[in-house]
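Trainee: Following this line is coords-v5.pdb, made up of PDB, C-alpha atoms and all ligand atoms:
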```
ATOM      1  CA  MET A 181       4.234 -35.840  -9.867  1.00  0.00           C
ATOM      2  CA  GLN A 182       1.934 -36.019 -12.894  1.00  0.00           C
ATOM      3  CA  LEU A 183       0.201 -32.641 -12.444  1.00  0.00           C
ATOM      4  CA  LEU A 184       3.543 -30.838 -12.270  1.00  0.00           C
ATOM      5  CA  LYS A 185       4.902 -32.687 -15.323  1.00  0.00           C
ATOM      6  CA  GLU A 186       1.844 -31.584 -17.304  1.00  0.00           C
ATOM      7  CA  LYS A 187       2.300 -27.963 -16.192  1.00  0.00           C
ATOM      8  CA  VAL A 188       5.980 -28.020 -17.191  1.00  0.00           C
ATOM      9  CA  LEU A 189       5.121 -29.469 -20.612  1.00  0.00           C
ATOM     10  CA  GLU A 190       2.214 -27.080 -21.234  1.00  0.00           C
ATOM     11  CA  GLU A 191       3.592 -23.833 -19.800  1.00  0.00           C
ATOM     12  CA  GLY A 192       7.365 -24.242 -19.345  1.00  0.00           C
ATOM     13  CA  ILE A 193       9.625 -22.448 -21.831  1.00  0.00           C
ATOM     14  CA  VAL A 194      13.014 -23.943 -22.690  1.00  0.00           C
ATOM     15  CA  LEU A 195      15.357 -20.933 -22.790  1.00  0.00           C
ATOM     16  CA  SER A 196      18.491 -22.945 -23.593  1.00  0.00           C
ATOM     17  CA  ASN A 197      19.893 -26.471 -23.121  1.00  0.00           C
ATOM     18  CA  GLN A 198      20.535 -25.460 -19.497  1.00  0.00           C
ATOM     19  CA  VAL A 199      17.646 -23.248 -18.402  1.00  0.00           C
ATOM     20  CA  LEU A 200      13.884 -23.762 -18.122  1.00  0.00           C
ATOM     21  CA  LYS A 201      11.553 -20.810 -17.564  1.00  0.00           C
ATOM     22  CA  VAL A 202       8.446 -21.492 -15.478  1.00  0.00           C
ATOM     23  CA  ASP A 203       7.220 -17.968 -14.837  1.00  0.00           C
ATOM     24  CA  ALA A 204       3.622 -18.882 -15.772  1.00  0.00           C
ATOM     25  CA  PHE A 205       3.020 -20.981 -12.633  1.00  0.00           C
ATOM     26  CA  LEU A 206       5.991 -20.835 -10.245  1.00  0.00           C
ATOM     27  CA  ASN A 207       8.523 -18.017 -10.705  1.00  0.00           C
ATOM     28  CA  HIS A 208       6.402 -14.947 -11.429  1.00  0.00           C
ATOM     29  CA  GLN A 209       2.722 -15.799 -11.785  1.00  0.00           C
ATOM     30  CA  VAL A 210       2.015 -18.497  -9.191  1.00  0.00           C
ATOM     31  CA  ASP A 211      -0.618 -21.278  -9.337  1.00  0.00           C
ATOM     32  CA  PRO A 212      -1.877 -21.632  -5.732  1.00  0.00           C
ATOM     33  CA  ALA A 213      -3.669 -24.976  -6.290  1.00  0.00           C
ATOM     34  CA  LEU A 214      -0.487 -26.444  -7.778  1.00  0.00           C
ATOM     35  CA  MET A 215       1.586 -25.029  -4.885  1.00  0.00           C
ATOM     36  CA  SER A 216      -0.797 -26.681  -2.436  1.00  0.00           C
ATOM     37  CA  SER A 217      -0.459 -30.043  -4.251  1.00  0.00           C
ATOM     38  CA  ILE A 218       3.333 -29.613  -4.116  1.00  0.00           C
ATOM     39  CA  GLY A 219       3.105 -28.980  -0.361  1.00  0.00           C
ATOM     40  CA  LYS A 220       0.976 -32.110   0.094  1.00  0.00           C
ATOM     41  CA  GLU A 221       3.441 -34.168  -1.938  1.00  0.00           C
ATOM     42  CA  PHE A 222       6.385 -33.020   0.230  1.00  0.00           C
ATOM     43  CA  LEU A 223       4.297 -33.760   3.335  1.00  0.00           C
ATOM     44  CA  SER A 224       3.856 -37.354   2.118  1.00  0.00           C
ATOM     45  CA  HIS A 225       7.643 -37.697   1.595  1.00  0.00           C
ATOM     46  CA  PHE A 226       8.791 -36.082   4.830  1.00  0.00           C
ATOM     47  CA  SER A 227       5.951 -36.579   7.357  1.00  0.00           C
ATOM     48  CA  GLY A 228       8.026 -39.091   9.358  1.00  0.00           C
ATOM     49  CA  GLU A 229      11.013 -36.759   9.759  1.00  0.00           C
ATOM     50  CA  LYS A 230       9.862 -34.696  12.769  1.00  0.00           C
ATOM     51  CA  ILE A 231      10.424 -31.455  10.893  1.00  0.00           C
ATOM     52  CA  THR A 232      10.243 -28.265  12.967  1.00  0.00           C
ATOM     53  CA  LYS A 233      10.790 -25.640  10.227  1.00  0.00           C
ATOM     54  CA  VAL A 234      11.024 -25.222   6.458  1.00  0.00           C
ATOM     55  CA  LEU A 235      13.865 -23.133   4.978  1.00  0.00           C
ATOM     56  CA  THR A 236      14.055 -21.666   1.469  1.00  0.00           C
ATOM     57  CA  ILE A 237      15.528 -18.672  -0.412  1.00  0.00           C
ATOM     58  CA  GLU A 238      13.701 -15.549  -1.527  1.00  0.00           C
ATOM     59  CA  ALA A 239      11.953 -15.070  -3.864  1.00  0.00           C
ATOM     60  CA  SER A 240      11.132 -18.056  -6.042  1.00  0.00           C
ATOM     61  CA  GLY A 241      11.408 -20.709  -3.316  1.00  0.00           C
ATOM     62  CA  ILE A 242       8.807 -19.022  -1.132  1.00  0.00           C
ATOM     63  CA  ALA A 243       5.591 -20.188  -2.838  1.00  0.00           C
ATOM     64  CA  PRO A 244       6.257 -23.971  -2.768  1.00  0.00           C
ATOM     65  CA  ALA A 245       8.042 -23.756   0.616  1.00  0.00           C
ATOM     66  CA  LEU A 246       5.160 -21.850   2.216  1.00  0.00           C
ATOM     67  CA  MET A 247       2.605 -24.466   1.122  1.00  0.00           C
ATOM     68  CA  THR A 248       4.923 -27.240   2.351  1.00  0.00           C
ATOM     69  CA  ALA A 249       5.234 -25.512   5.725  1.00  0.00           C
ATOM     70  CA  ALA A 250       1.437 -25.096   5.834  1.00  0.00           C
ATOM     71  CA  HIS A 251       0.885 -28.836   5.257  1.00  0.00           C
ATOM     72  CA  LEU A 252       3.610 -29.761   7.779  1.00  0.00           C
ATOM     73  CA  GLU A 253       2.142 -27.175  10.200  1.00  0.00           C
ATOM     74  CA  VAL A 254       5.511 -25.580  10.939  1.00  0.00           C
ATOM     75  CA  PRO A 255       6.953 -22.077  10.323  1.00  0.00           C
ATOM     76  CA  LEU A 256       8.642 -21.079   7.066  1.00  0.00           C
ATOM     77  CA  ILE A 257      11.916 -19.143   7.061  1.00  0.00           C
ATOM     78  CA  TYR A 258      13.260 -17.665   3.842  1.00  0.00           C
ATOM     79  CA  ALA A 259      16.907 -16.718   3.579  1.00  0.00           C
ATOM     80  CA  ARG A 260      17.426 -13.227   2.234  1.00  0.00           C
ATOM     81  CA  LYS A 261      19.742 -12.747  -0.726  1.00  0.00           C
ATOM     82  CA  GLN A 262      22.040  -9.724  -0.515  1.00  0.00           C
ATOM     83  CA  LYS A 263      24.677  -8.452  -2.943  1.00  0.00           C
ATOM     84  CA  SER A 264      27.071  -7.113  -0.342  1.00  0.00           C
ATOM     85  CA  LEU A 265      26.746  -7.106   3.341  1.00  0.00           C
ATOM     86  CA  THR A 266      27.842  -5.277   6.428  1.00  0.00           C
ATOM     87  CA  LEU A 267      28.576  -8.152   8.777  1.00  0.00           C
ATOM     88  CA  LYS A 268      26.435  -8.293  11.860  1.00  0.00           C
ATOM     89  CA  ASP A 269      26.615 -10.810  14.650  1.00  0.00           C
ATOM     90  CA  ASP A 270      22.897 -11.534  14.800  1.00  0.00           C
ATOM     91  CA  ILE A 271      22.751 -13.230  11.367  1.00  0.00           C
ATOM     92  CA  TYR A 272      24.120 -16.397   9.774  1.00  0.00           C
ATOM     93  CA  VAL A 273      25.730 -15.711   6.387  1.00  0.00           C
ATOM     94  CA  LYS A 274      26.804 -17.983   3.528  1.00  0.00           C
ATOM     95  CA  LYS A 275      28.109 -16.858   0.154  1.00  0.00           C
ATOM     96  CA  VAL A 276      26.661 -18.794  -2.810  1.00  0.00           C
ATOM     97  CA  TYR A 277      27.303 -18.617  -6.530  1.00  0.00           C
ATOM     98  CA  SER A 278      24.515 -18.836  -9.085  1.00  0.00           C
ATOM     99  CA  PHE A 279      25.678 -20.474 -12.335  1.00  0.00           C
ATOM    100  CA  THR A 280      22.334 -19.542 -13.901  1.00  0.00           C
ATOM    101  CA  LYS A 281      22.658 -15.823 -13.122  1.00  0.00           C
ATOM    102  CA  GLN A 282      26.489 -15.827 -12.880  1.00  0.00           C
ATOM    103  CA  VAL A 283      26.528 -13.758  -9.700  1.00  0.00           C
ATOM    104  CA  SER A 284      27.528 -14.411  -6.104  1.00  0.00           C
ATOM    105  CA  SER A 285      25.279 -13.366  -3.289  1.00  0.00           C
ATOM    106  CA  ASP A 286      25.197 -13.661   0.479  1.00  0.00           C
ATOM    107  CA  LEU A 287      22.400 -15.742   1.967  1.00  0.00           C
ATOM    108  CA  THR A 288      21.413 -14.450   5.391  1.00  0.00           C
ATOM    109  CA  VAL A 289      19.129 -15.769   8.129  1.00  0.00           C
ATOM    110  CA  ALA A 290      18.549 -14.108  11.505  1.00  0.00           C
ATOM    111  CA  LYS A 291      20.058 -16.238  14.285  1.00  0.00           C
ATOM    112  CA  LYS A 292      16.922 -15.951  16.413  1.00  0.00           C
ATOM    113  CA  PHE A 293      14.922 -18.101  13.959  1.00  0.00           C
ATOM    114  CA  ILE A 294      17.068 -21.281  14.114  1.00  0.00           C
ATOM    115  CA  SER A 295      17.971 -23.127  17.282  1.00  0.00           C
ATOM    116  CA  PRO A 296      20.100 -26.260  17.802  1.00  0.00           C
ATOM    117  CA  ASP A 297      17.035 -28.447  18.434  1.00  0.00           C
ATOM    118  CA  ASP A 298      15.501 -27.646  15.021  1.00  0.00           C
ATOM    119  CA  ARG A 299      15.167 -30.318  12.300  1.00  0.00           C
ATOM    120  CA  ILE A 300      14.844 -28.324   9.121  1.00  0.00           C
ATOM    121  CA  LEU A 301      13.495 -29.237   5.688  1.00  0.00           C
ATOM    122  CA  ILE A 302      15.067 -27.279   2.825  1.00  0.00           C
ATOM    123  CA  VAL A 303      12.703 -26.589  -0.092  1.00  0.00           C
ATOM    124  CA  ASP A 304      13.661 -24.904  -3.362  1.00  0.00           C
ATOM    125  CA  ASP A 305      12.092 -24.444  -6.786  1.00  0.00           C
ATOM    126  CA  PHE A 306      15.046 -25.745  -8.872  1.00  0.00           C
ATOM    127  CA  LEU A 307      18.088 -27.922  -8.293  1.00  0.00           C
ATOM    128  CA  ALA A 308      20.906 -27.281 -10.773  1.00  0.00           C
ATOM    129  CA  HIS A 309      24.450 -27.352  -9.332  1.00  0.00           C
ATOM    130  CA  GLY A 310      23.345 -27.558  -5.728  1.00  0.00           C
ATOM    131  CA  GLU A 311      24.886 -24.241  -4.618  1.00  0.00           C
ATOM    132  CA  ALA A 312      21.672 -22.817  -3.162  1.00  0.00           C
ATOM    133  CA  ALA A 313      20.713 -25.989  -1.254  1.00  0.00           C
ATOM    134  CA  LEU A 314      24.272 -26.497   0.052  1.00  0.00           C
ATOM    135  CA  GLY A 315      24.326 -22.844   1.154  1.00  0.00           C
ATOM    136  CA  LEU A 316      21.090 -23.291   3.109  1.00  0.00           C
ATOM    137  CA  ALA A 317      22.410 -26.548   4.627  1.00  0.00           C
ATOM    138  CA  ASP A 318      25.554 -24.671   5.708  1.00  0.00           C
ATOM    139  CA  ILE A 319      23.451 -22.066   7.535  1.00  0.00           C
ATOM    140  CA  ILE A 320      21.496 -24.837   9.323  1.00  0.00           C
ATOM    141  CA  LEU A 321      24.784 -26.457  10.401  1.00  0.00           C
ATOM    142  CA  GLN A 322      26.206 -23.084  11.553  1.00  0.00           C
ATOM    143  CA  ALA A 323      23.201 -22.905  13.897  1.00  0.00           C
ATOM    144  CA  GLY A 324      23.938 -26.403  15.235  1.00  0.00           C
ATOM    145  CA  ALA A 325      20.576 -27.628  13.875  1.00  0.00           C
ATOM    146  CA  GLU A 326      19.909 -30.651  11.661  1.00  0.00           C
ATOM    147  CA  VAL A 327      19.051 -30.908   7.956  1.00  0.00           C
ATOM    148  CA  ALA A 328      16.030 -33.252   7.866  1.00  0.00           C
ATOM    149  CA  GLY A 329      15.978 -33.436   4.076  1.00  0.00           C
ATOM    150  CA  ILE A 330      15.850 -31.469   0.853  1.00  0.00           C
ATOM    151  CA  GLY A 331      12.669 -31.127  -1.225  1.00  0.00           C
ATOM    152  CA  ILE A 332      13.091 -29.893  -4.789  1.00  0.00           C
ATOM    153  CA  VAL A 333      10.252 -28.988  -7.139  1.00  0.00           C
ATOM    154  CA  ILE A 334      12.204 -29.365 -10.405  1.00  0.00           C
ATOM    155  CA  GLU A 335      15.580 -31.133 -10.531  1.00  0.00           C
ATOM    156  CA  LYS A 336      17.695 -30.761 -13.644  1.00  0.00           C
ATOM    157  CA  ALA A 337      19.294 -34.186 -13.346  1.00  0.00           C
ATOM    158  CA  PHE A 338      21.778 -33.479 -16.159  1.00  0.00           C
ATOM    159  CA  GLN A 339      23.537 -31.011 -13.839  1.00  0.00           C
ATOM    160  CA  ASN A 340      25.472 -32.210 -10.802  1.00  0.00           C
ATOM    161  CA  GLY A 341      23.455 -30.792  -7.874  1.00  0.00           C
ATOM    162  CA  GLY A 342      21.643 -34.036  -7.036  1.00  0.00           C
ATOM    163  CA  GLU A 343      24.929 -35.920  -6.825  1.00  0.00           C
ATOM    164  CA  ARG A 344      26.590 -33.231  -4.701  1.00  0.00           C
ATOM    165  CA  LEU A 345      23.724 -33.233  -2.191  1.00  0.00           C
ATOM    166  CA  LYS A 346      23.592 -37.039  -1.965  1.00  0.00           C
ATOM    167  CA  ASP A 347      27.401 -37.214  -1.627  1.00  0.00           C
ATOM    168  CA  ALA A 348      27.082 -34.779   1.286  1.00  0.00           C
ATOM    169  CA  GLY A 349      24.722 -37.310   2.904  1.00  0.00           C
ATOM    170  CA  TYR A 350      21.401 -35.506   2.456  1.00  0.00           C
ATOM    171  CA  ARG A 351      18.068 -37.112   1.599  1.00  0.00           C
ATOM    172  CA  VAL A 352      16.846 -35.428  -1.592  1.00  0.00           C
ATOM    173  CA  GLU A 353      13.288 -35.762  -2.921  1.00  0.00           C
ATOM    174  CA  SER A 354      12.588 -34.141  -6.298  1.00  0.00           C
ATOM    175  CA  LEU A 355       9.014 -33.961  -7.565  1.00  0.00           C
ATOM    176  CA  VAL A 356      10.091 -34.033 -11.205  1.00  0.00           C
ATOM    177  CA  ARG A 357      13.514 -34.833 -12.674  1.00  0.00           C
ATOM    178  CA  ILE A 358      14.506 -33.483 -16.083  1.00  0.00           C
ATOM    179  CA  VAL A 359      17.251 -35.355 -17.935  1.00  0.00           C
ATOM    180  CA  SER A 360      17.483 -33.088 -20.964  1.00  0.00           C
ATOM    181  CA  LEU A 361      16.388 -29.714 -22.338  1.00  0.00           C
ATOM    182  CA  GLU A 362      18.011 -30.302 -25.714  1.00  0.00           C
ATOM    183  CA  ASN A 363      16.260 -29.423 -28.992  1.00  0.00           C
ATOM    184  CA  GLN A 364      13.830 -27.154 -27.084  1.00  0.00           C
ATOM    185  CA  ARG A 365      12.246 -30.276 -25.536  1.00  0.00           C
ATOM    186  CA  VAL A 366      11.772 -31.198 -21.890  1.00  0.00           C
ATOM    187  CA  GLU A 367      12.609 -34.853 -21.272  1.00  0.00           C
ATOM    188  CA  PHE A 368      11.704 -36.323 -17.878  1.00  0.00           C
ATOM    189  CA  ALA A 369      13.761 -39.053 -16.198  1.00  0.00           C
ATOM    190  CA  GLU A 370      10.931 -41.646 -16.063  1.00  0.00           C
ATOM    191  CA  ASP A 371      10.033 -41.160 -19.739  1.00  0.00           C
ATOM    192  CA  HIS A 372      13.704 -41.473 -20.654  1.00  0.00           C
ATOM    193  CA  GLU A 373      14.035 -44.734 -18.656  1.00  0.00           C
ATOM    194  CA  GLU A 374      10.837 -46.094 -20.260  1.00  0.00           C
ATOM    195  CA  LYS A 375      12.204 -45.272 -23.730  1.00  0.00           C
ATOM    196  CA  GLU A 376      15.508 -46.987 -22.882  1.00  0.00           C
ATOM    197  CA  LYS A 377      13.611 -50.123 -21.733  1.00  0.00           C
ATOM    198  CA  ILE A 378      11.597 -50.234 -24.972  1.00  0.00           C
ATOM    199  CA  ASN A 379      14.755 -49.711 -27.048  1.00  0.00           C
ATOM    200  CA  HIS A 380      16.477 -52.483 -25.102  1.00  0.00           C
ATOM    201  CA  ALA A 381      13.501 -54.870 -25.469  1.00  0.00           C
ATOM    202  CA  THR A 382      13.187 -54.269 -29.222  1.00  0.00           C
ATOM    203  CA  SER A 383      16.930 -54.795 -29.720  1.00  0.00           C
ATOM    204  CA  ILE A 384      16.824 -58.317 -28.156  1.00  0.00           C
TER     205      ILE A 384
HETATM  206  P1  LIG B 401      21.796 -24.253  -7.967  1.00  0.00           P
HETATM  207  O1  LIG B 401      22.125 -23.427  -6.778  1.00  0.00           O
HETATM  208  O2  LIG B 401      21.313 -25.657  -7.632  1.00  0.00           O
HETATM  209  O3  LIG B 401      22.893 -24.272  -8.995  1.00  0.00           O
HETATM  210  O4  LIG B 401      20.599 -23.528  -8.708  1.00  0.00           O
HETATM  211  C1  LIG B 401      19.363 -23.442  -8.075  1.00  0.00           C
HETATM  212  C2  LIG B 401      18.858 -22.039  -8.036  1.00  0.00           C
HETATM  213  O5  LIG B 401      19.075 -21.364  -9.275  1.00  0.00           O
HETATM  214  C3  LIG B 401      17.362 -22.079  -7.795  1.00  0.00           C
HETATM  215  O6  LIG B 401      17.114 -21.448  -6.549  1.00  0.00           O
HETATM  216  C4  LIG B 401      16.740 -21.321  -8.940  1.00  0.00           C
HETATM  217  O7  LIG B 401      16.247 -20.091  -8.484  1.00  0.00           O
HETATM  218  C5  LIG B 401      17.851 -21.050  -9.935  1.00  0.00           C
HETATM  219  N1  LIG B 401      17.776 -21.921 -11.149  1.00  0.00           N
HETATM  220  C6  LIG B 401      18.672 -22.871 -11.515  1.00  0.00           C
HETATM  221  N2  LIG B 401      18.344 -23.412 -12.702  1.00  0.00           N
HETATM  222  C7  LIG B 401      17.183 -22.812 -13.082  1.00  0.00           C
HETATM  223  C8  LIG B 401      16.339 -22.960 -14.244  1.00  0.00           C
HETATM  224  O8  LIG B 401      16.553 -23.758 -15.174  1.00  0.00           O
HETATM  225  N3  LIG B 401      15.247 -22.163 -14.284  1.00  0.00           N
HETATM  226  C9  LIG B 401      14.924 -21.266 -13.283  1.00  0.00           C
HETATM  227  N4  LIG B 401      13.813 -20.554 -13.425  1.00  0.00           N
HETATM  228  N5  LIG B 401      15.718 -21.094 -12.192  1.00  0.00           N
HETATM  229  C10 LIG B 401      16.835 -21.860 -12.091  1.00  0.00           C
END
```
Here is a file; write its structure as structure tokens.
Mentor:
Amino acid sequence: MQLLKEKVLEEGIVLSNQVLKVDAFLNHQVDPALMSSIGKEFLSHFSGEKITKVLTIEASGIAPALMTAAHLEVPLIYARKQKSLTLKDDIYVKKVYSFTKQVSSDLTVAKKFISPDDRILIVDDFLAHGEAALGLADIILQAGAEVAGIGIVIEKAFQNGGERLKDAGYRVESLVRIVSLENQRVEFAEDHEEKEKINHATSI
């Protein structure tokens, strides 16, 4: 997605070889026009999947997931993140670990919002190690519903989340894929492949 790549290059801040900060348009200040384009893009990927709901995690997944739900014309549910929890029987719970923040938290969703006939699209802002997306998928399965697919705004393809989700059998669509954040530079998968092709061609 060209518009998103340009935003990442212009306004993204590489915090380390592992972490990209996008608080200028996605994680703190939010660009509504960009979120709407993201929603439209996910609609074009998943329109044939008979999706009944979109599921994300508070807080940073909500903006892109809401616009996706708006374009798909279905409700949005966001899982709440809680540090410690008194167990109740009206909620689904799944513990997930964040490598980025190095904390565990409990994802919770009220049982009344997911039923076994739902086909749910998971949307999240970043894919790193896949913990968040696998946690949401687990909640969908606890409810006896189906995971229709996983839409990711920014995949860090040098971490293993994409592989874990595909190995688990899920369809994953990422709008941009980053292969490296080394030397304070964002390198996208397509540009990397193009460079490899040119290098290969010039070496023949
Ligand atoms: P995962 O669960 O796939 O390891 O990590 C995904 C979650 O961690 C996302 O929901 C996102 O909030 C956060 N995250 C992971 N990597 C990054 C990153 O490079 N930048 C930002 N802003 N958030 C990240």
Trainee: For the structure provided, state which residues fall under the PyMOL selection byres (((not hetatm)) within 6 of (chain B and resi 401)), and present them as a list in words.
Mentor: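 Applying the expression gives Val199, Leu200, Lys201, Val202, Ser278, Phe279, Thr280, Asp304, Asp305, Phe306, Leu307, Ala308, His309, Gly310, Glu311, Ala312 and Gly341 of chain A.
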Trainee: Which of these residues is nearest to Gln262 (chain A), using all atoms listed in the file: A:Ala245, A:Ile300, A:Leu321, A:Leu287?
Mentor: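 Counting all atoms listed in the file, the residue closest to Gln262 (chain A) is A:Leu287.
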Trainee: Report the distance between CA of Glu221 (chain A) and CA of Glu373 (chain A) in Å, rounded to one decimal place.
Mentor: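 It comes out at 22.4 Å.
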Trainee: Please expand the PyMOL selection byres (((chain A and resi 234) around 6) and not hetatm) into the concrete residues it hits in this file, giving the result as a list of chain:residue names.
Mentor: A:Lys233, A:Leu235, A:Ala249, A:Leu256, A:Ile300, A:Leu301, A:Ile302
Trainee: Which one of A:Leu355, A:Val210, A:Ala317, A:Ala250 sits closest to Leu183 (chain A) if you count all atoms listed in the file?
Mentor: A:Leu355
Trainee: Quick check, in Å to one decimal: how far apart do CA of Ser285 (chain A) and CA of Leu316 (chain A) lie?
Mentor: 12.5 Å
Trainee: Just give me the gap between CA of Leu189 (chain A) and CA of Glu370 (chain A) in Å, one decimal is fine.
Mentor: 14.2 Å
Trainee: Return as lines of an AutoDock Vina configuration file the centre and edge lengths, in Å with one decimal, of the box along x, y and z that encloses every atom of region 347-358 of chain A in the file, padded by 6 Å per side.
Mentor:
```
center_x = 18.2
center_y = -35.4
center_z = -6.6
size_x = 30.4
size_y = 15.8
size_z = 31.0
```
Trainee: Applied to the shown file, which residues does the PyMOL selection byres (((chain A and resi 337) around 6) and not hetatm) return, written as an MDAnalysis selection string?
Mentor: chainID A and resid 335:336 338:339 357:359
Trainee: Can you pull out the residues contacting Phe226 (chain A)? Cut-off 9 Å, using only C-alpha atoms, and skip same-chain residues under 5 positions away; I want them as a PyMOL selection string.
Mentor: chain A and resi 221+231+252+301+328-329+331+353
Trainee: Would you pick out the contacts of Glu191 (chain A) at 12 Å or less, using all atoms listed in the file, so that residues sharing its chain but fewer than 4 positions from it are not included, and give the list as a list in words?
Mentor: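 Those residues are Leu183, Leu184, Lys185, Glu186, Lys187, Leu200, Lys201, Val202, Asp203, Ala204, Phe205, Leu206, Asn207, Gln209, Val210, Asp211 and Val366 of chain A.
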Trainee: Please determine, counting only C-alpha atoms, which residue among A:Ala348, A:Val188, A:Ala213, A:Ile271 has the shortest atom-to-atom distance to Ala313 (chain A).
Mentor: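 Using only C-alpha atoms, the shortest distance to Ala313 (chain A) belongs to A:Ala348.
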Trainee: Tell me which of A:Asn363, A:Pro212, A:Tyr277, A:Arg299 sits closest to Gly228 (chain A), counting all atoms listed in the file.
Mentor: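 Nearest candidate to Gly228 (chain A) out of A:Asn363, A:Pro212, A:Tyr277, A:Arg299: A:Arg299.
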Trainee: Under the rule that all atoms listed in the file are counted, which of A:Leu195, A:Ala381, A:Ile294, A:Leu246 is the nearest residue to Gly324 (chain A)?
Mentor: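 Selected residue with least distance to Gly324 (chain A): A:Ile294.
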Trainee: Nearest to Asp298 (chain A): which of A:Thr232, A:Ser216, A:Ser354, A:Thr382 is it, counting all atoms listed in the file?
Mentor: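 Looking at the shortest contact to Asp298 (chain A), the residue is A:Thr232.
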Trainee: Neighbouring residues of Ile218 (chain A) were defined as those with any atom within 8 Å, considering only C-alpha atoms; residues of the same chain fewer than 6 positions away were excluded. Please report them as an MDAnalysis selection string.
Mentor: chainID A and resid 244 247:248 333 355
Trainee: Find the residues near Ser295 (chain A): any atom within 9 Å, counting only C-alpha atoms, skip ones fewer than 3 places away on the same chain, and give them as JSON, numbers by chain.
Mentor: {"A": [291, 292, 298, 320, 323, 324, 325]}
Trainee: How would the residues just picked look written out with C-alpha atoms as a JSON list (two decimals), in the frame of the given file?
Mentor:
```json
[["chain", "number", "residue", "atom", "x", "y", "z"],
["A", 291, "LYS", "CA", 20.06, -16.24, 14.28],
["A", 292, "LYS", "CA", 16.92, -15.95, 16.41],
["A", 298, "ASP", "CA", 15.50, -27.65, 15.02],
["A", 320, "ILE", "CA", 21.50, -24.84, 9.32],
["A", 323, "ALA", "CA", 23.20, -22.90, 13.90],
["A", 324, "GLY", "CA", 23.94, -26.40, 15.24],
["A", 325, "ALA", "CA", 20.58, -27.63, 13.88]]
```
Trainee: Starting from the sparse input, extend region 231-243 of chain A to N, CA and C atoms and give the output as a PDB file, in the coordinates of the input.
Mentor:
```pdb
ATOM      1  N   ILE A 231       9.926 -32.765  11.344  1.00  0.00           N
ATOM      2  CA  ILE A 231      10.424 -31.455  10.893  1.00  0.00           C
ATOM      3  C   ILE A 231       9.848 -30.326  11.762  1.00  0.00           C
ATOM      4  N   THR A 232      10.709 -29.383  12.129  1.00  0.00           N
ATOM      5  CA  THR A 232      10.243 -28.265  12.967  1.00  0.00           C
ATOM      6  C   THR A 232      10.123 -26.958  12.175  1.00  0.00           C
ATOM      7  N   LYS A 233      10.859 -26.861  11.048  1.00  0.00           N
ATOM      8  CA  LYS A 233      10.790 -25.640  10.227  1.00  0.00           C
ATOM      9  C   LYS A 233      11.125 -25.968   8.775  1.00  0.00           C
ATOM     10  N   VAL A 234      10.657 -25.111   7.869  1.00  0.00           N
ATOM     11  CA  VAL A 234      11.024 -25.222   6.458  1.00  0.00           C
ATOM     12  C   VAL A 234      11.879 -24.002   6.123  1.00  0.00           C
ATOM     13  N   LEU A 235      12.967 -24.236   5.359  1.00  0.00           N
ATOM     14  CA  LEU A 235      13.865 -23.133   4.978  1.00  0.00           C
ATOM     15  C   LEU A 235      13.998 -23.074   3.462  1.00  0.00           C
ATOM     16  N   THR A 236      13.872 -21.855   2.911  1.00  0.00           N
ATOM     17  CA  THR A 236      14.055 -21.666   1.469  1.00  0.00           C
ATOM     18  C   THR A 236      14.792 -20.351   1.227  1.00  0.00           C
ATOM     19  N   ILE A 237      14.870 -19.944  -0.058  1.00  0.00           N
ATOM     20  CA  ILE A 237      15.528 -18.672  -0.412  1.00  0.00           C
ATOM     21  C   ILE A 237      14.516 -17.765  -1.102  1.00  0.00           C
ATOM     22  N   GLU A 238      14.551 -16.471  -0.788  1.00  0.00           N
ATOM     23  CA  GLU A 238      13.701 -15.549  -1.527  1.00  0.00           C
ATOM     24  C   GLU A 238      14.187 -15.482  -2.972  1.00  0.00           C
ATOM     25  N   ALA A 239      13.384 -15.224  -3.944  1.00  0.00           N
ATOM     26  CA  ALA A 239      11.953 -15.070  -3.864  1.00  0.00           C
ATOM     27  C   ALA A 239      11.252 -16.334  -4.365  1.00  0.00           C
ATOM     28  N   SER A 240      11.902 -17.027  -5.328  1.00  0.00           N
ATOM     29  CA  SER A 240      11.132 -18.056  -6.042  1.00  0.00           C
ATOM     30  C   SER A 240      10.923 -19.343  -5.252  1.00  0.00           C
ATOM     31  N   GLY A 241      11.654 -19.516  -4.135  1.00  0.00           N
ATOM     32  CA  GLY A 241      11.408 -20.709  -3.316  1.00  0.00           C
ATOM     33  C   GLY A 241      10.207 -20.549  -2.399  1.00  0.00           C
ATOM     34  N   ILE A 242       9.777 -19.285  -2.206  1.00  0.00           N
ATOM     35  CA  ILE A 242       8.807 -19.022  -1.132  1.00  0.00           C
ATOM     36  C   ILE A 242       7.447 -19.697  -1.376  1.00  0.00           C
ATOM     37  N   ALA A 243       6.943 -19.647  -2.599  1.00  0.00           N
ATOM     38  CA  ALA A 243       5.591 -20.188  -2.838  1.00  0.00           C
ATOM     39  C   ALA A 243       5.511 -21.693  -2.520  1.00  0.00           C
TER      40      ALA A 243
END
```
